[in-house]
Amino acid sequence: MCHDWGEAGQRAVRVLEGETSWLSCPLFSHPTVYNYTSAQRAGLNLFWYHVPAGQDLEQPIEYSQRLSKERERLWLQPATMEDKGQYICMLSNKSSCTKIAMRLEVLSHEEAGPGQAHEVPVAVAPTHVVIPFQEGETLECPNLQDISKMADDQPTVTWHNVNRFWNSDREVKKGRLVIHLMLENYQDLYYCFVSYHRHGKNLRFTRVINVTAVSPSRLPKVPSILYPTQDHVYTVKLDTEVRLQCTGMFPYLEGPLHIWWTVDGKTVDQLSDTRFSKTDRPVKSDFGDRTEESVLLIQDFQTADLDRKYQCSVRNQKGNATRTATLQKEDDKEFDVYISYARQYEEENFVLSTLRRVLENELGYTVCIFDRDSLPGGTITDETLTFVRRSRRLLVVLSPGYAARGSQALLELKAGLDGMALGGHLRVILVQYRPLQRHAWVRELRRARVALALVRWQGDKSNELTSYFWKRLRVELPMRRPEGGVAGEVGAVPPRRLESQNSTSSQTGLITNTMKEPQKVLNLY
């Protein structure tokens with residue numbers, strides 16, 4: 001009775017027609033199970049069978065100078081189209097038998113070609129070699145030592161690199177390719193062609209090495225945490241899904257890397273609370289330096305969760321780093337932005353036609369404008385203070401005439417500065433719509449200018465959503481929580497359609513939180 005292991009692997013072995021190749025019996029791919037020398041000592045013999053393509057009956061291999069057996073390998077010198085099909089290697093003696101199958105594909109030069117006439121047909125997958133910048137490496141043609149054992153003479157090796165020329169940094173020495181100094185433009189595919197003689201026949205095979213550059217080995221290799229930063233605060237909202245993002249950078253290093261979250265010292269897998277889960281993903285790889293992201297998801301976030309200790313950690317073979325996440329509950333504010341401005345025609349037109357429209361319609365913020373949102377019959381002072389307290393940002397549009405004594409704009413500014421001084425979540429943003437003379441700056445404005453960010457409107461230069469004005473303003477604006485977004489991302493908003501004010505010729509485009517696409521100019525006036 002013979003134990004059948006079925007067919008090994010999910011993919012066939014691929015070889016090139018007319019080139020030397022071989023099949024290794026998969027039974028010996030696990031030395032702890034079968035070892036060729038031990039099998040011989042145990043009286044086990046290795047037999048090979050072939051099931052030609054399109055047939056069902058296995059046939060014993062008839063060995064010849066072209067088809068030969070060497071230990072656990074079946075050599076094809078060279079491979080022909082008739083060799084394709086299934087191969088079975090069997091270990092047996094008088095009392096036991098074990099067999100396994102594998103599939104062989106023989107490709108013509110046209111089938112193996114990479115699709116461009118100037119490149120080299122090759123069936124075997126490239127060997128990957130990494131070389132640190134400013135360092136060197138000597139490359140030997142893969143499988144050359146295997147061929148040397150079968151050859152009647154010393155094999156000849158030639159090297160080829162498409163559209164490249166050898167120079168002092170790269171040269172061939174004694175059949176080996178020497179890269180003395182690795183540079184970025186030396187990343188490429190390098191082909192080696194081996195020719196040799198056996199039994200009076202001239203034989204050959206082709207291999208390819210994919211050379212890539214990585215960061216220099218002399219640089220520090222300890223991983224670090226890019227996000228959250230030391231002073232970052234995650235703003236969370238009760239009874240919602242909270243997403244805590246951690247981003248780690250791992251300098252190039254062979255071996256495993258890890259990024260993970262712990263809650264009160266336990267990993268997510270160790271927690272009994274099923275509200276906690278995590279997702280990991282690679283962000284980018286830059287010359288072997290990898291950026292990885294881990295997001296901790298907390299369903300139905302509760303007040304008690306604020307008191308837990310959340311830590312993100314990274315580790316590789318050279319070291320580790322850990323950062324504790326700081327969480328604070330999002331205050332219940334009705335408005336994202338309260339706009340304060342001089343009640344003059346030009347300023348009012350700018351606020352209503354530009355700031356309000358873009359902030360509300362394009363960026364998804366809730367905006368409070370007193371003259372629009374207040375109810376008739378109320379007290380201006382009380383309603384102004386209430387609106388400011390119910391807003392997360394006070395956006396002050398500076399222009400000549402702003403903050404005149406006794407004006408509502410000055411009242412709004414004072415309310416905003418007082419709110420900041422009291423440690424609330426309100427922040428004041430200064431937008432310079434038109435320049436002010438220094439003598440026109442009242443005490444409150446001078447006080448604000450020293451401590452607060454100033455974003456300058458530059459007319460037509462600021463019309464484009466990708467302009468510095470809008471990018472800078474969005475950094476100062478409160479976090480938006482898009483569906484599926486990450487808590488703590490400043491200025492992240494859901495994708496929206498950008499529409500021109502001209503109803504007869506609407507232009508649309510997609511605005512994203514990176515504000516990179518598309519680069520369209522808003523028809524602001």
# chains A, B, ... in the order shown; residues from 1 in each chain; ligands from 1
>>> select_by_dssp(residues="region 202-391 of chain A", states="strand (DSSP E)", output="number ranges by chain")
A: 202-214, 224-227, 233-236, 242-250, 258-263, 266-267, 276-286, 289-298, 310-316, 319-329, 335-340, 367-368, 391
>>> residues_around(residues="region 206-214 of chain A", least_positions_apart="3", cutoff="7 Å", atoms="only C-alpha atoms", output="PyMOL selection string")
chain A and resi 122+124+126-133+141-142+184+187-194+252+287-288
>>> residues_around(residues="Arg170 (chain A)", least_positions_apart="6", cutoff="9 Å", atoms="only C-alpha atoms", output="list in words")
Leu177, Val178, Ile179, His180, Leu181, Met182 and Tyr186 of chain A
>>> residues_around(residues="Glu171 (chain A)", least_positions_apart="4", cutoff="12 Å", atoms="only C-alpha atoms", output="list in words")
Gly136, Glu137, Thr138, Leu139, Thr158, Trp159, His160, Asn161, Arg164, Phe165, Trp166, Asn167, Gly175, Arg176, Leu177, Val178, Ile179, His180 and Leu181 of chain A
>>> select_by_dssp(residues="region 247-446 of chain A", states="helix (DSSP H, G or I)", output="MDAnalysis selection string")
chainID A and resid 268:270 303:307 345:362 370:373 380:389 408:421 438:440 443:446
>>> residues_around(residues="region 390-398 of chain A", least_positions_apart="4", cutoff="9 Å", atoms="only C-alpha atoms", output="JSON, numbers by chain")
{"A": [331, 332, 333, 334, 335, 336, 337, 338, 339, 340, 341, 342, 347, 351, 367, 368, 385, 386, 402, 403, 409, 412, 413, 416, 425, 426, 427, 428, 429, 430, 431, 432, 433, 434, 435, 436, 476, 477, 478]}
>>> closest_residue(among="A:Glu293, A:Glu362, A:Asp153, A:Glu330", to="Tyr234 (chain A)", atoms="only C-alpha atoms")
A:Glu330
>>> closest_residue(among="A:Thr267, A:Arg323, A:Glu7, A:Gln65", to="Leu226 (chain A)", atoms="only C-alpha atoms")
A:Arg323
>>> decode(residues="region 242-260 of chain A", atoms="N, CA, C and O atoms", output="PDB file, in the first residue's frame")
ATOM      1  N   VAL A 242     -14.705  54.924  18.458  1.00  0.00           N
ATOM      2  CA  VAL A 242     -13.478  55.715  18.549  1.00  0.00           C
ATOM      3  C   VAL A 242     -12.357  54.940  17.869  1.00  0.00           C
ATOM      4  O   VAL A 242     -12.205  53.735  18.079  1.00  0.00           O
ATOM      5  N   ARG A 243     -11.588  55.653  17.068  1.00  0.00           N
ATOM      6  CA  ARG A 243     -10.481  55.041  16.333  1.00  0.00           C
ATOM      7  C   ARG A 243      -9.196  55.767  16.715  1.00  0.00           C
ATOM      8  O   ARG A 243      -9.045  56.950  16.442  1.00  0.00           O
ATOM      9  N   LEU A 244      -8.278  55.050  17.336  1.00  0.00           N
ATOM     10  CA  LEU A 244      -6.991  55.608  17.744  1.00  0.00           C
ATOM     11  C   LEU A 244      -5.924  55.101  16.784  1.00  0.00           C
ATOM     12  O   LEU A 244      -5.666  53.895  16.708  1.00  0.00           O
ATOM     13  N   GLN A 245      -5.321  56.023  16.068  1.00  0.00           N
ATOM     14  CA  GLN A 245      -4.339  55.662  15.045  1.00  0.00           C
ATOM     15  C   GLN A 245      -2.929  55.759  15.601  1.00  0.00           C
ATOM     16  O   GLN A 245      -2.571  56.720  16.268  1.00  0.00           O
ATOM     17  N   CYS A 246      -2.128  54.752  15.307  1.00  0.00           N
ATOM     18  CA  CYS A 246      -0.707  54.759  15.659  1.00  0.00           C
ATOM     19  C   CYS A 246       0.093  54.434  14.407  1.00  0.00           C
ATOM     20  O   CYS A 246      -0.215  53.474  13.695  1.00  0.00           O
ATOM     21  N   THR A 247       1.116  55.237  14.131  1.00  0.00           N
ATOM     22  CA  THR A 247       1.961  55.033  12.955  1.00  0.00           C
ATOM     23  C   THR A 247       3.407  54.874  13.404  1.00  0.00           C
ATOM     24  O   THR A 247       3.927  55.723  14.140  1.00  0.00           O
ATOM     25  N   GLY A 248       4.027  53.789  12.993  1.00  0.00           N
ATOM     26  CA  GLY A 248       5.416  53.522  13.356  1.00  0.00           C
ATOM     27  C   GLY A 248       6.315  53.452  12.143  1.00  0.00           C
ATOM     28  O   GLY A 248       5.879  53.064  11.054  1.00  0.00           O
ATOM     29  N   MET A 249       7.572  53.853  12.324  1.00  0.00           N
ATOM     30  CA  MET A 249       8.556  53.791  11.240  1.00  0.00           C
ATOM     31  C   MET A 249       9.633  52.785  11.625  1.00  0.00           C
ATOM     32  O   MET A 249      10.216  52.851  12.710  1.00  0.00           O
ATOM     33  N   PHE A 250       9.882  51.845  10.695  1.00  0.00           N
ATOM     34  CA  PHE A 250      10.851  50.782  10.916  1.00  0.00           C
ATOM     35  C   PHE A 250      11.973  50.906   9.888  1.00  0.00           C
ATOM     36  O   PHE A 250      11.753  50.635   8.706  1.00  0.00           O
ATOM     37  N   PRO A 251      13.165  51.340  10.285  1.00  0.00           N
ATOM     38  CA  PRO A 251      14.295  51.373   9.342  1.00  0.00           C
ATOM     39  C   PRO A 251      14.564  49.976   8.795  1.00  0.00           C
ATOM     40  O   PRO A 251      14.265  48.969   9.458  1.00  0.00           O
ATOM     41  N   TYR A 252      15.141  49.920   7.605  1.00  0.00           N
ATOM     42  CA  TYR A 252      15.361  48.623   6.965  1.00  0.00           C
ATOM     43  C   TYR A 252      16.189  47.720   7.857  1.00  0.00           C
ATOM     44  O   TYR A 252      17.259  48.091   8.348  1.00  0.00           O
ATOM     45  N   LEU A 253      15.680  46.519   8.044  1.00  0.00           N
ATOM     46  CA  LEU A 253      16.354  45.518   8.853  1.00  0.00           C
ATOM     47  C   LEU A 253      15.734  44.173   8.540  1.00  0.00           C
ATOM     48  O   LEU A 253      14.512  44.038   8.513  1.00  0.00           O
ATOM     49  N   GLU A 254      16.573  43.175   8.300  1.00  0.00           N
ATOM     50  CA  GLU A 254      16.044  41.829   8.092  1.00  0.00           C
ATOM     51  C   GLU A 254      15.436  41.313   9.384  1.00  0.00           C
ATOM     52  O   GLU A 254      15.970  41.540  10.469  1.00  0.00           O
ATOM     53  N   GLY A 255      14.320  40.633   9.274  1.00  0.00           N
ATOM     54  CA  GLY A 255      13.689  40.076  10.462  1.00  0.00           C
ATOM     55  C   GLY A 255      12.309  40.643  10.697  1.00  0.00           C
ATOM     56  O   GLY A 255      11.868  41.576  10.020  1.00  0.00           O
ATOM     57  N   PRO A 256      11.603  40.115  11.672  1.00  0.00           N
ATOM     58  CA  PRO A 256      10.215  40.523  11.924  1.00  0.00           C
ATOM     59  C   PRO A 256      10.125  41.913  12.537  1.00  0.00           C
ATOM     60  O   PRO A 256      11.060  42.388  13.191  1.00  0.00           O
ATOM     61  N   LEU A 257       8.983  42.568  12.327  1.00  0.00           N
ATOM     62  CA  LEU A 257       8.676  43.839  12.977  1.00  0.00           C
ATOM     63  C   LEU A 257       7.262  43.748  13.530  1.00  0.00           C
ATOM     64  O   LEU A 257       6.420  43.010  13.025  1.00  0.00           O
ATOM     65  N   HIS A 258       7.015  44.546  14.579  1.00  0.00           N
ATOM     66  CA  HIS A 258       5.729  44.462  15.256  1.00  0.00           C
ATOM     67  C   HIS A 258       5.256  45.863  15.639  1.00  0.00           C
ATOM     68  O   HIS A 258       6.053  46.707  16.057  1.00  0.00           O
ATOM     69  N   ILE A 259       3.950  46.087  15.505  1.00  0.00           N
ATOM     70  CA  ILE A 259       3.306  47.294  15.989  1.00  0.00           C
ATOM     71  C   ILE A 259       1.987  46.870  16.625  1.00  0.00           C
ATOM     72  O   ILE A 259       1.241  46.086  16.042  1.00  0.00           O
ATOM     73  N   TRP A 260       1.707  47.353  17.827  1.00  0.00           N
ATOM     74  CA  TRP A 260       0.517  46.883  18.522  1.00  0.00           C
ATOM     75  C   TRP A 260       0.066  47.896  19.573  1.00  0.00           C
ATOM     76  O   TRP A 260       0.811  48.762  20.004  1.00  0.00           O
TER      77      TRP A 260
END
